[in-house]
file structure_28.cif (mmCIF, C-alpha atoms)
data_protein
#
loop_
_atom_site.label_atom_id
_atom_site.label_comp_id
_atom_site.auth_asym_id
_atom_site.auth_seq_id
_atom_site.Cartn_x
_atom_site.Cartn_y
_atom_site.Cartn_z
CA MET A 1 -37.02 2.31 -10.49
CA MET A 2 -35.57 -0.47 -12.59
CA THR A 3 -37.41 -3.77 -12.50
CA SER A 4 -34.44 -5.82 -13.71
CA GLY A 5 -32.32 -6.93 -10.79
CA LYS A 6 -29.74 -8.35 -13.16
CA GLY A 7 -29.37 -5.07 -15.03
CA LEU A 8 -29.10 -3.11 -11.81
CA SER A 9 -26.50 -5.52 -10.45
CA LEU A 10 -24.36 -4.87 -13.52
CA ARG A 11 -24.63 -1.13 -12.98
CA VAL A 12 -23.60 -1.49 -9.34
CA GLY A 13 -20.68 -3.59 -10.59
CA CYS A 14 -19.74 -0.59 -12.75
CA LEU A 15 -19.86 1.57 -9.61
CA PHE A 16 -17.31 -0.64 -7.87
CA ALA A 17 -15.21 -0.93 -11.05
CA SER A 18 -15.02 2.83 -11.57
CA TYR A 19 -13.86 3.39 -7.99
CA PHE A 20 -11.15 0.76 -8.12
CA LEU A 21 -9.93 1.93 -11.53
CA GLY A 22 -8.82 5.10 -9.77
CA PHE A 23 -7.77 3.47 -6.53
CA GLY A 24 -5.72 0.82 -8.33
CA ILE A 25 -3.52 3.59 -9.69
CA PHE A 26 -3.45 5.68 -6.53
CA LEU A 27 -2.54 2.97 -4.01
CA PRO A 28 0.65 1.56 -5.56
CA PHE A 29 1.84 4.56 -7.57
CA PHE A 30 0.95 7.77 -5.73
CA PRO A 31 4.13 7.61 -3.62
CA LEU A 32 6.04 7.70 -6.91
CA VAL A 33 3.92 10.67 -8.02
CA LEU A 34 4.87 12.53 -4.84
CA LYS A 35 8.53 11.69 -5.37
CA ASP A 36 8.35 12.87 -9.00
CA ARG A 37 7.04 16.23 -7.76
CA GLY A 38 10.08 16.72 -5.55
CA ILE A 39 8.68 15.56 -2.20
CA PRO A 40 11.47 14.02 -0.05
CA VAL A 41 11.03 10.35 0.82
CA GLU A 42 10.70 11.00 4.56
CA GLU A 43 7.98 13.58 3.89
CA ILE A 44 6.09 11.13 1.66
CA GLY A 45 5.66 8.80 4.63
CA PHE A 46 4.43 11.72 6.73
CA ILE A 47 1.92 12.82 4.08
CA LEU A 48 0.52 9.34 3.50
CA GLY A 49 0.39 8.66 7.23
CA ALA A 50 -1.53 11.87 7.87
CA GLY A 51 -3.88 10.96 5.04
CA THR A 52 -4.47 7.53 6.57
CA ILE A 53 -5.35 9.06 9.95
CA ALA A 54 -7.70 11.54 8.28
CA ARG A 55 -9.35 8.71 6.33
CA ILE A 56 -9.93 6.67 9.48
CA ILE A 57 -11.57 9.61 11.25
CA ALA A 58 -13.57 10.77 8.24
CA ASN A 59 -15.10 7.46 7.21
CA PRO A 60 -17.77 7.12 9.94
CA LEU A 61 -18.41 10.89 10.01
CA MET A 62 -18.93 11.26 6.26
CA THR A 63 -20.98 8.07 5.89
CA GLY A 64 -23.05 9.06 8.92
CA LEU A 65 -23.81 12.42 7.31
CA SER A 66 -24.92 10.67 4.12
CA ASP A 67 -27.13 8.23 6.03
CA HIS A 68 -28.66 11.07 8.04
CA THR A 69 -29.70 12.89 4.88
CA GLY A 70 -30.72 9.67 3.10
CA ARG A 71 -28.90 10.78 -0.08
CA ARG A 72 -26.15 8.26 -0.63
CA ARG A 73 -26.01 8.54 -4.41
CA LEU A 74 -25.80 12.34 -4.28
CA SER A 75 -23.18 12.05 -1.53
CA ILE A 76 -21.00 9.83 -3.72
CA LEU A 77 -21.22 12.40 -6.51
CA LEU A 78 -20.46 15.36 -4.24
CA TYR A 79 -17.64 13.54 -2.45
CA SER A 80 -16.19 12.56 -5.83
CA LEU A 81 -16.26 16.15 -7.08
CA ALA A 82 -14.60 17.36 -3.86
CA SER A 83 -11.91 14.68 -4.28
CA ILE A 84 -11.21 15.87 -7.82
CA ALA A 85 -10.95 19.46 -6.56
CA PHE A 86 -8.17 18.46 -4.16
CA LEU A 87 -6.31 16.65 -6.95
CA VAL A 88 -6.59 19.74 -9.16
CA PHE A 89 -5.15 21.75 -6.26
CA PHE A 90 -2.34 19.19 -6.03
CA LEU A 91 -1.50 19.57 -9.74
CA MET A 92 -1.61 23.36 -9.62
CA THR A 93 0.60 23.79 -6.56
CA GLY A 94 3.83 22.41 -5.18
CA GLY A 95 5.63 21.83 -1.92
CA VAL A 96 5.17 19.52 1.03
CA TRP A 97 2.41 21.44 2.81
CA ASN A 98 0.25 21.83 -0.28
CA ALA A 99 0.72 18.13 -1.04
CA LEU A 100 -0.31 17.35 2.55
CA ILE A 101 -3.48 19.45 2.22
CA ALA A 102 -4.30 17.80 -1.11
CA VAL A 103 -3.80 14.20 0.08
CA VAL A 104 -5.65 14.69 3.36
CA GLY A 105 -8.56 16.39 1.60
CA LEU A 106 -8.63 13.74 -1.10
CA LEU A 107 -8.79 10.84 1.35
CA VAL A 108 -11.36 12.54 3.59
CA PHE A 109 -13.82 12.76 0.70
CA TRP A 110 -12.80 9.74 -1.38
CA SER A 111 -12.60 7.01 1.26
CA PRO A 112 -16.33 7.10 2.25
CA VAL A 113 -17.30 6.16 -1.31
CA VAL A 114 -16.63 2.44 -0.72
CA PRO A 115 -18.85 2.02 2.37
CA LEU A 116 -21.53 4.10 0.66
CA SER A 117 -21.29 1.86 -2.40
CA ASP A 118 -21.45 -1.22 -0.18
CA ALA A 119 -24.57 0.14 1.48
CA TYR A 120 -26.25 0.74 -1.89
CA ALA A 121 -25.24 -2.74 -3.06
CA LEU A 122 -26.73 -4.28 0.10
CA ASP A 123 -30.00 -2.45 -0.63
CA VAL A 124 -29.99 -4.08 -4.07
CA VAL A 125 -29.42 -7.46 -2.40
CA ARG A 126 -32.41 -6.89 -0.11
CA ASN A 127 -34.72 -5.54 -2.80
CA TYR A 128 -33.84 -7.81 -5.71
CA GLY A 129 -32.11 -10.84 -4.20
CA ALA A 130 -28.95 -9.85 -6.07
CA ASP A 131 -25.55 -11.44 -5.40
CA TYR A 132 -23.26 -9.01 -3.57
CA GLY A 133 -20.13 -10.96 -4.52
CA ARG A 134 -20.90 -10.77 -8.22
CA MET A 135 -21.26 -7.01 -7.99
CA ARG A 136 -18.11 -6.57 -5.89
CA LEU A 137 -15.90 -8.75 -8.12
CA TRP A 138 -15.89 -6.03 -10.79
CA GLY A 139 -14.00 -3.84 -8.36
CA SER A 140 -11.32 -6.49 -7.90
CA ALA A 141 -11.03 -7.01 -11.66
CA ALA A 142 -10.77 -3.26 -12.26
CA PHE A 143 -8.06 -3.02 -9.60
CA VAL A 144 -5.89 -5.48 -11.54
CA VAL A 145 -6.47 -3.64 -14.83
CA SER A 146 -5.66 -0.27 -13.27
CA ASN A 147 -2.44 -1.67 -11.78
CA MET A 148 -1.28 -2.42 -15.32
CA ILE A 149 -2.45 0.98 -16.62
CA GLY A 150 -0.73 2.75 -13.75
CA GLY A 151 2.51 0.85 -14.34
CA TRP A 152 2.54 2.14 -17.91
CA LEU A 153 1.55 5.72 -17.01
CA ILE A 154 4.18 6.04 -14.30
CA LEU A 155 6.90 5.33 -16.89
CA LEU A 156 6.01 8.53 -18.78
CA ASP A 157 8.10 11.66 -18.45
CA SER A 158 5.49 13.33 -16.22
CA SER A 159 3.43 12.01 -13.32
CA THR A 160 0.50 14.22 -14.34
CA PRO A 161 -1.17 11.57 -16.59
CA ALA A 162 -1.32 9.17 -13.64
CA VAL A 163 -3.06 11.82 -11.51
CA VAL A 164 -5.47 12.62 -14.36
CA ALA A 165 -6.27 8.90 -14.66
CA VAL A 166 -7.14 8.80 -10.97
CA MET A 167 -9.38 11.83 -11.49
CA ILE A 168 -11.15 10.12 -14.38
CA GLY A 169 -11.83 7.09 -12.18
CA ILE A 170 -13.20 9.31 -9.41
CA LEU A 171 -15.41 11.30 -11.77
CA SER A 172 -16.82 8.16 -13.38
CA THR A 173 -17.68 6.84 -9.90
CA GLY A 174 -19.74 9.92 -9.11
CA LEU A 175 -21.50 9.86 -12.48
CA VAL A 176 -22.34 6.16 -12.23
CA ALA A 177 -23.66 6.63 -8.68
CA ILE A 178 -25.99 9.51 -9.51
CA SER A 179 -27.37 7.58 -12.51
CA LEU A 180 -28.51 4.69 -10.29
CA PRO A 181 -32.14 4.51 -9.15
CA PRO A 182 -33.07 5.11 -5.50
CA GLN A 183 -33.60 2.00 -3.41
CA VAL A 184 -36.79 1.22 -1.53
CA SER A 185 -35.14 0.39 1.77
CA SER A 186 -33.20 3.64 1.82
CA VAL A 187 -36.37 5.63 1.22
CA ARG A 188 -38.42 3.70 3.77
CA ALA A 189 -35.66 4.06 6.29
CA GLU A 190 -36.39 7.78 6.38
CA GLY A 191 -39.30 6.91 8.63
CA GLY A 192 -37.05 5.14 11.12
CA THR A 193 -36.83 6.37 14.68
CA ALA A 194 -34.25 8.99 15.53
CA ASP A 195 -32.59 6.83 18.18
CA GLU A 196 -31.81 3.86 15.90
CA ARG A 197 -28.18 4.88 15.54
CA PRO A 198 -27.40 5.56 19.24
CA ARG A 199 -28.99 2.30 20.40
CA LEU A 200 -26.85 0.23 18.08
CA PHE A 201 -23.59 2.12 17.76
CA LEU A 202 -23.24 2.95 21.44
CA ARG A 203 -23.31 -0.67 22.58
CA PRO A 204 -19.88 -1.88 23.80
CA ALA A 205 -20.56 -5.28 22.23
CA PHE A 206 -20.78 -3.67 18.79
CA TRP A 207 -17.32 -2.12 19.15
CA LEU A 208 -15.85 -5.32 20.56
CA ILE A 209 -17.13 -7.27 17.56
CA LEU A 210 -15.78 -4.63 15.16
CA ALA A 211 -12.35 -4.85 16.81
CA VAL A 212 -12.22 -8.64 16.47
CA VAL A 213 -13.45 -8.56 12.88
CA GLY A 214 -10.98 -5.77 12.10
CA LEU A 215 -8.13 -8.07 13.08
CA LEU A 216 -8.85 -10.18 9.99
CA GLN A 217 -8.04 -7.32 7.62
CA GLY A 218 -5.40 -5.88 9.94
CA SER A 219 -3.54 -9.19 9.73
CA HIS A 220 -2.73 -8.33 6.09
CA ALA A 221 -0.42 -5.48 7.15
CA ALA A 222 2.77 -7.53 6.77
CA PHE A 223 1.60 -8.77 3.37
CA TYR A 224 0.67 -5.37 1.94
CA GLY A 225 3.74 -3.70 3.35
CA PHE A 226 6.51 -6.28 3.01
CA SER A 227 5.56 -9.23 0.79
CA THR A 228 7.13 -7.62 -2.31
CA LEU A 229 10.37 -7.03 -0.39
CA PHE A 230 10.30 -10.61 0.89
CA TRP A 231 9.77 -12.06 -2.58
CA LYS A 232 12.41 -9.81 -4.09
CA ALA A 233 14.91 -10.96 -1.44
CA HIS A 234 14.30 -14.53 -2.63
CA ASP A 235 15.17 -13.66 -6.24
CA VAL A 236 11.62 -13.47 -7.57
CA SER A 237 11.56 -11.17 -10.61
CA GLU A 238 9.36 -8.09 -10.82
CA PHE A 239 7.23 -9.81 -13.45
CA LEU A 240 6.64 -12.87 -11.28
CA ILE A 241 5.92 -10.66 -8.28
CA GLY A 242 3.17 -9.11 -10.38
CA VAL A 243 1.93 -12.62 -11.19
CA LEU A 244 1.84 -13.45 -7.48
CA TRP A 245 -0.24 -10.36 -6.70
CA SER A 246 -2.56 -11.16 -9.60
CA THR A 247 -2.93 -14.76 -8.40
CA GLY A 248 -4.30 -13.58 -5.07
CA VAL A 249 -6.77 -11.17 -6.69
CA ALA A 250 -7.85 -13.81 -9.23
CA ALA A 251 -8.62 -16.21 -6.38
CA GLU A 252 -10.60 -13.43 -4.69
CA ILE A 253 -12.60 -12.84 -7.88
CA GLY A 254 -13.36 -16.55 -8.09
CA LEU A 255 -14.83 -16.49 -4.59
CA PHE A 256 -16.93 -13.40 -5.32
CA LEU A 257 -18.21 -15.07 -8.49
CA PHE A 258 -19.37 -18.31 -6.90
CA ALA A 259 -19.96 -17.51 -3.21
CA GLY A 260 -23.61 -16.59 -3.75
CA ARG A 261 -24.28 -19.56 -5.98
CA LEU A 262 -22.78 -21.89 -3.37
CA GLY A 263 -24.83 -20.28 -0.61
CA LEU A 264 -21.75 -19.14 1.33
CA THR A 265 -23.01 -15.59 1.85
CA ALA A 266 -25.90 -16.94 3.94
CA TYR A 267 -23.42 -17.81 6.69
CA PRO A 268 -21.37 -14.68 7.49
CA LEU A 269 -20.10 -15.98 10.84
CA THR A 270 -18.82 -19.14 9.18
CA LEU A 271 -17.03 -17.07 6.54
CA LEU A 272 -15.34 -15.02 9.27
CA LEU A 273 -14.18 -18.16 11.09
CA MET A 274 -12.82 -19.65 7.86
CA GLY A 275 -10.99 -16.40 7.08
CA ALA A 276 -9.34 -16.42 10.51
CA GLY A 277 -8.32 -20.07 10.21
CA ALA A 278 -6.84 -19.47 6.77
CA GLY A 279 -4.90 -16.49 8.14
CA ILE A 280 -3.23 -18.68 10.75
CA LEU A 281 -2.10 -21.05 7.99
CA ARG A 282 -1.19 -18.48 5.34
CA TRP A 283 0.87 -16.15 7.49
CA GLY A 284 2.42 -18.96 9.52
CA LEU A 285 3.74 -20.65 6.38
CA PHE A 286 4.58 -17.47 4.46
CA PRO A 287 8.26 -17.22 5.54
CA PHE A 288 8.85 -20.86 4.57
CA ALA A 289 7.62 -20.38 0.98
CA GLN A 290 10.91 -19.54 -0.73
CA ASP A 291 10.23 -20.64 -4.32
CA PHE A 292 7.70 -19.28 -6.79
CA TRP A 293 5.30 -22.23 -6.80
CA SER A 294 4.97 -22.48 -3.04
CA MET A 295 4.48 -18.71 -2.93
CA ALA A 296 1.75 -18.95 -5.59
CA LEU A 297 0.04 -21.78 -3.70
CA LEU A 298 -0.16 -19.66 -0.55
CA GLN A 299 -1.51 -16.76 -2.59
CA LEU A 300 -4.61 -18.84 -3.31
CA LEU A 301 -5.48 -18.48 0.37
CA HIS A 302 -6.14 -14.79 -0.32
CA THR A 303 -9.60 -15.93 -1.35
CA MET A 304 -10.18 -16.85 2.31
CA THR A 305 -8.06 -14.40 4.33
CA PHE A 306 -9.40 -11.38 2.45
CA GLY A 307 -12.37 -12.54 0.37
CA MET A 308 -14.23 -14.60 2.97
CA ALA A 309 -13.41 -12.13 5.73
CA HIS A 310 -14.76 -9.27 3.60
CA LEU A 311 -17.96 -11.08 2.63
CA GLY A 312 -18.45 -12.23 6.20
CA SER A 313 -17.99 -8.79 7.77
CA VAL A 314 -20.15 -7.00 5.21
CA GLY A 315 -22.78 -9.72 5.46
CA TYR A 316 -22.84 -9.65 9.25
CA LEU A 317 -23.25 -5.88 9.43
CA SER A 318 -26.01 -6.01 6.81
CA ARG A 319 -27.97 -8.22 9.20
CA ILE A 320 -27.60 -6.14 12.38
CA VAL A 321 -27.47 -2.52 11.14
CA PRO A 322 -30.79 -0.89 10.13
CA PRO A 323 -30.83 -0.12 6.40
CA LYS A 324 -30.98 3.64 7.06
CA TRP A 325 -27.59 3.48 8.79
CA ALA A 326 -25.97 0.80 6.62
CA ALA A 327 -23.27 3.09 5.23
CA THR A 328 -22.43 4.33 8.73
CA GLY A 329 -21.97 0.74 9.87
CA GLN A 330 -19.71 0.02 6.92
CA GLY A 331 -17.83 3.25 7.69
CA PHE A 332 -17.18 2.12 11.25
CA LEU A 333 -15.93 -1.22 9.91
CA ALA A 334 -13.59 0.56 7.48
CA ALA A 335 -12.28 2.69 10.36
CA SER A 336 -11.62 -0.40 12.49
CA ASN A 337 -9.80 -2.07 9.61
CA GLY A 338 -7.78 1.07 8.97
CA ILE A 339 -6.71 1.56 12.58
CA LEU A 340 -5.53 -2.03 12.94
CA MET A 341 -3.82 -1.92 9.54
CA ALA A 342 -1.97 1.29 10.47
CA VAL A 343 -0.80 -0.21 13.78
CA GLY A 344 0.29 -3.31 11.90
CA TYR A 345 2.39 -1.27 9.46
CA ALA A 346 4.09 0.54 12.32
CA VAL A 347 4.96 -2.67 14.17
CA CYS A 348 5.94 -4.75 11.14
CA GLY A 349 8.63 -2.34 9.91
CA PRO A 350 11.05 -2.87 12.82
CA LEU A 351 10.19 -6.57 12.97
CA TYR A 352 11.05 -7.03 9.29
CA GLN A 353 14.45 -5.44 9.81
CA TRP A 354 15.04 -7.78 12.73
CA ASN A 355 13.91 -10.92 10.88
CA PRO A 356 11.83 -11.00 7.66
CA GLY A 357 9.73 -13.85 9.00
CA TYR A 358 8.69 -12.15 12.24
CA PRO A 359 6.02 -9.80 10.78
CA PHE A 360 4.21 -12.71 9.12
CA TRP A 361 4.32 -14.84 12.25
CA LEU A 362 2.88 -11.89 14.16
CA MET A 363 0.05 -11.76 11.61
CA SER A 364 -0.52 -15.48 12.16
CA GLY A 365 -0.76 -14.74 15.88
CA LEU A 366 -3.30 -11.98 15.22
CA SER A 367 -5.34 -14.46 13.21
CA CYS A 368 -5.25 -16.83 16.20
CA VAL A 369 -6.55 -14.02 18.41
CA ALA A 370 -9.27 -13.25 15.84
CA LEU A 371 -10.29 -16.90 15.65
CA ALA A 372 -10.46 -17.23 19.44
CA GLY A 373 -12.39 -13.97 19.68
CA LEU A 374 -14.89 -15.03 17.03
CA ILE A 375 -15.48 -18.36 18.74
CA ALA A 376 -16.01 -16.62 22.09
CA LEU A 377 -18.27 -13.95 20.59
CA ARG A 378 -20.22 -16.23 18.27
CA PRO A 379 -23.21 -16.64 20.67
CA LEU A 380 -23.37 -12.86 21.06
CA MET A 381 -23.11 -12.30 17.32
CA GLN A 382 -25.86 -14.84 16.65
CA ARG A 383 -28.03 -13.15 19.26
CA THR A 384 -27.56 -9.72 17.67
CA ILE A 385 -28.61 -11.16 14.30
CA ALA A 386 -31.71 -12.69 15.88
CA GLU A 387 -32.58 -9.45 17.68
CA ALA A 388 -32.21 -7.43 14.49
CA ALA A 389 -34.42 -9.87 12.58
CA ALA A 390 -37.10 -9.60 15.26
CA ASP A 391 -37.22 -5.77 15.18
#

call {"tool": "encode", "arguments": {"input": "structure_28.cif", "output": "structure tokens"}}
result
Amino acid sequence: MMTSGKGLSLRVGCLFASYFLGFGIFLPFFPLVLKDRGIPVEEIGFILGAGTIARIIANPLMTGLSDHTGRRRLSILLYSLASIAFLVFFLMTGGVWNALIAVVGLLVFWSPVVPLSDAYALDVVRNYGADYGRMRLWGSAAFVVSNMIGGWLILLDSSTPAVVAVMIGILSTGLVAISLPPQVSSVRAEGGTADERPRLFLRPAFWLILAVVGLLQGSHAAFYGFSTLFWKAHDVSEFLIGVLWSTGVAAEIGLFLFAGRLGLTAYPLTLLLMGAGAGILRWGLFPFAQDFWSMALLQLLHTMTFGMAHLGSVGYLSRIVPPKWAATGQGFLAASNGILMAVGYAVCGPLYQWNPGYPFWLMSGLSCVALAGLIALRPLMQRTIAEAAAD
């Protein structure tokens, strides 16, 4: 095992970066890849929707399997290789049904990599006192870089290079993961009792907390789905729209860089409350920001609505979930986020057609619900942290 926490933190940063290099091409550009391969627009929505449902179901199952075996690094490698196999199948075949099989298979195996990586990173935090935010920021930075790479690749005559680039990112993730050393807490957790998972994950309070926390990420549905359309309708150029997206991610990176140094990660419940409060403000004001500078100013709140909410939710789960089942806990969180995000997409579409401001005001309302829920549940959440610390 490495004795240098700093060196290991950098390698975990590479793990996040390699994942988001692939994901930063897939997320914005894969619909264009499907269209380039002759898939009708209405079928693209069906394929991506089915993939989203499969991802939500698969996340806790696949992470739970990895936690049960205690082989997270090997799981990341095997899941990465399986993901590549489905992309190869996609490139070698054609038609809607083959594309559906490929996308569903890809997301079933690829999506658990993030919670598994989070679980490994949290082990490094426990064992070396490393800064989670400083490891995770490399993923955000890689996402921005891959957006630019993907924008260039998608302009080529064939969509194949973009798919190959995604495959390279996935392969590098698996190779980085398997090169990392095992972590002490993961190994020791093998001796944990068999009923650790049922006692925690079958408690109604756990699912209630996950639902409330999931609202914080779910409240971004209007932004992810319709902010570009909103900005474009107010005569913001494609270049400046890219600048607006980059502004939000840059603010997020700044938080990840300094959160540990400022001691913010020691207070996950406070981070969650601040994320909810910022969501009320950001989404409530979003429809009124109709010039570039006011839009850019609101984008700075991404550091709170996403960044603080992410650090707070990951930090909270790291305190209540036994290390052996850390990836499973993160998988359940990802599933909660995904369900609420999918519902948000479905609701925001008709609302946007009715009035472009309505989806964002709905998201502000969801943030109000999240804030009220967090305040009401705070004593329970503090008690669960205390109980976990006493075990």

call {"tool": "resolve_selection", "arguments": {"input": "structure_28.cif", "expression": "the PyMOL selection byres ((chain A and resi 275) around 10)", "output": "VMD selection string"}}
result
chain A and resid 216 to 217 269 to 274 276 to 280 301 to 312 367 370 to 371

call {"tool": "atom_distance", "arguments": {"input": "structure_28.cif", "atom1": "atom CA of A:Ala205", "atom2": "atom CA of A:Ser66"}}
result
24.5 Å

call {"tool": "resolve_selection", "arguments": {"input": "structure_28.cif", "expression": "the PyMOL selection byres ((chain A and resi 336-342) around 6)", "output": "list in words"}}
result
Gly214, Gln217, Gly218, Ala221, Leu333, Ala334, Ala335, Val343, Gly344 and Tyr345 of chain A

call {"tool": "resolve_selection", "arguments": {"input": "structure_28.cif", "expression": "the PyMOL selection byres ((chain A and resi 181) around 9)", "output": "PyMOL selection string"}}
result
chain A and resi 1-2+8+73+177-180+182-183

call {"tool": "closest_residue", "arguments": {"input": "structure_28.cif", "among": "A:Pro356, A:Gly248, A:Gly169, A:Gly315", "to": "A:Gln330", "atoms": "all atoms listed in the file"}}
result
A:Gly315

call {"tool": "atom_distance", "arguments": {"input": "structure_28.cif", "atom1": "atom CA of A:Ser140", "atom2": "atom CA of A:Val124"}}
result
19.2 Å

call {"tool": "closest_residue", "arguments": {"input": "structure_28.cif", "among": "A:Phe109, A:Phe16, A:Trp138, A:Trp293", "to": "A:Pro60", "atoms": "only C-alpha atoms"}}
result
A:Phe109

call {"tool": "build_atoms", "arguments": {"input": "structure_28.cif", "residues": "stretch 329-349 of chain A", "atoms": "N, CA and C atoms", "output": "PDB file, keeping the file's coordinate frame"}}
result
ATOM      1  N   GLY A 329     -22.534   1.984   9.355  1.00  0.00           N
ATOM      2  CA  GLY A 329     -21.970   0.740   9.870  1.00  0.00           C
ATOM      3  C   GLY A 329     -20.756   0.295   9.083  1.00  0.00           C
ATOM      4  N   GLN A 330     -20.851   0.382   7.753  1.00  0.00           N
ATOM      5  CA  GLN A 330     -19.710   0.020   6.920  1.00  0.00           C
ATOM      6  C   GLN A 330     -18.552   0.993   7.129  1.00  0.00           C
ATOM      7  N   GLY A 331     -18.875   2.267   7.412  1.00  0.00           N
ATOM      8  CA  GLY A 331     -17.830   3.250   7.690  1.00  0.00           C
ATOM      9  C   GLY A 331     -17.085   2.943   8.974  1.00  0.00           C
ATOM     10  N   PHE A 332     -17.823   2.516  10.000  1.00  0.00           N
ATOM     11  CA  PHE A 332     -17.180   2.120  11.250  1.00  0.00           C
ATOM     12  C   PHE A 332     -16.284   0.902  11.030  1.00  0.00           C
ATOM     13  N   LEU A 333     -16.742  -0.050  10.213  1.00  0.00           N
ATOM     14  CA  LEU A 333     -15.930  -1.220   9.910  1.00  0.00           C
ATOM     15  C   LEU A 333     -14.653  -0.813   9.187  1.00  0.00           C
ATOM     16  N   ALA A 334     -14.768   0.089   8.213  1.00  0.00           N
ATOM     17  CA  ALA A 334     -13.590   0.560   7.480  1.00  0.00           C
ATOM     18  C   ALA A 334     -12.616   1.261   8.427  1.00  0.00           C
ATOM     19  N   ALA A 335     -13.146   2.017   9.399  1.00  0.00           N
ATOM     20  CA  ALA A 335     -12.280   2.690  10.360  1.00  0.00           C
ATOM     21  C   ALA A 335     -11.548   1.679  11.239  1.00  0.00           C
ATOM     22  N   SER A 336     -12.255   0.649  11.687  1.00  0.00           N
ATOM     23  CA  SER A 336     -11.620  -0.400  12.490  1.00  0.00           C
ATOM     24  C   SER A 336     -10.522  -1.093  11.705  1.00  0.00           C
ATOM     25  N   ASN A 337     -10.821  -1.450  10.461  1.00  0.00           N
ATOM     26  CA  ASN A 337      -9.800  -2.070   9.610  1.00  0.00           C
ATOM     27  C   ASN A 337      -8.598  -1.157   9.438  1.00  0.00           C
ATOM     28  N   GLY A 338      -8.867   0.132   9.205  1.00  0.00           N
ATOM     29  CA  GLY A 338      -7.780   1.070   8.970  1.00  0.00           C
ATOM     30  C   GLY A 338      -6.891   1.278  10.172  1.00  0.00           C
ATOM     31  N   ILE A 339      -7.496   1.378  11.364  1.00  0.00           N
ATOM     32  CA  ILE A 339      -6.710   1.560  12.580  1.00  0.00           C
ATOM     33  C   ILE A 339      -5.785   0.370  12.795  1.00  0.00           C
ATOM     34  N   LEU A 340      -6.332  -0.836  12.692  1.00  0.00           N
ATOM     35  CA  LEU A 340      -5.530  -2.030  12.940  1.00  0.00           C
ATOM     36  C   LEU A 340      -4.478  -2.224  11.850  1.00  0.00           C
ATOM     37  N   MET A 341      -4.799  -1.834  10.613  1.00  0.00           N
ATOM     38  CA  MET A 341      -3.820  -1.920   9.540  1.00  0.00           C
ATOM     39  C   MET A 341      -2.669  -0.935   9.789  1.00  0.00           C
ATOM     40  N   ALA A 342      -3.004   0.283  10.214  1.00  0.00           N
ATOM     41  CA  ALA A 342      -1.970   1.290  10.470  1.00  0.00           C
ATOM     42  C   ALA A 342      -1.050   0.850  11.605  1.00  0.00           C
ATOM     43  N   VAL A 343      -1.621   0.299  12.670  1.00  0.00           N
ATOM     44  CA  VAL A 343      -0.800  -0.210  13.780  1.00  0.00           C
ATOM     45  C   VAL A 343       0.088  -1.346  13.287  1.00  0.00           C
ATOM     46  N   GLY A 344      -0.486  -2.196  12.431  1.00  0.00           N
ATOM     47  CA  GLY A 344       0.290  -3.310  11.900  1.00  0.00           C
ATOM     48  C   GLY A 344       1.486  -2.842  11.085  1.00  0.00           C
ATOM     49  N   TYR A 345       1.280  -1.821  10.242  1.00  0.00           N
ATOM     50  CA  TYR A 345       2.390  -1.270   9.460  1.00  0.00           C
ATOM     51  C   TYR A 345       3.507  -0.778  10.386  1.00  0.00           C
ATOM     52  N   ALA A 346       3.100  -0.046  11.420  1.00  0.00           N
ATOM     53  CA  ALA A 346       4.090   0.540  12.320  1.00  0.00           C
ATOM     54  C   ALA A 346       4.907  -0.521  13.041  1.00  0.00           C
ATOM     55  N   VAL A 347       4.271  -1.614  13.429  1.00  0.00           N
ATOM     56  CA  VAL A 347       4.960  -2.670  14.170  1.00  0.00           C
ATOM     57  C   VAL A 347       5.793  -3.550  13.242  1.00  0.00           C
ATOM     58  N   CYS A 348       5.280  -3.802  12.038  1.00  0.00           N
ATOM     59  CA  CYS A 348       5.940  -4.750  11.140  1.00  0.00           C
ATOM     60  C   CYS A 348       7.254  -4.221  10.574  1.00  0.00           C
ATOM     61  N   GLY A 349       7.388  -2.894  10.456  1.00  0.00           N
ATOM     62  CA  GLY A 349       8.630  -2.340   9.910  1.00  0.00           C
ATOM     63  C   GLY A 349       9.853  -2.741  10.710  1.00  0.00           C
TER      64      GLY A 349
END
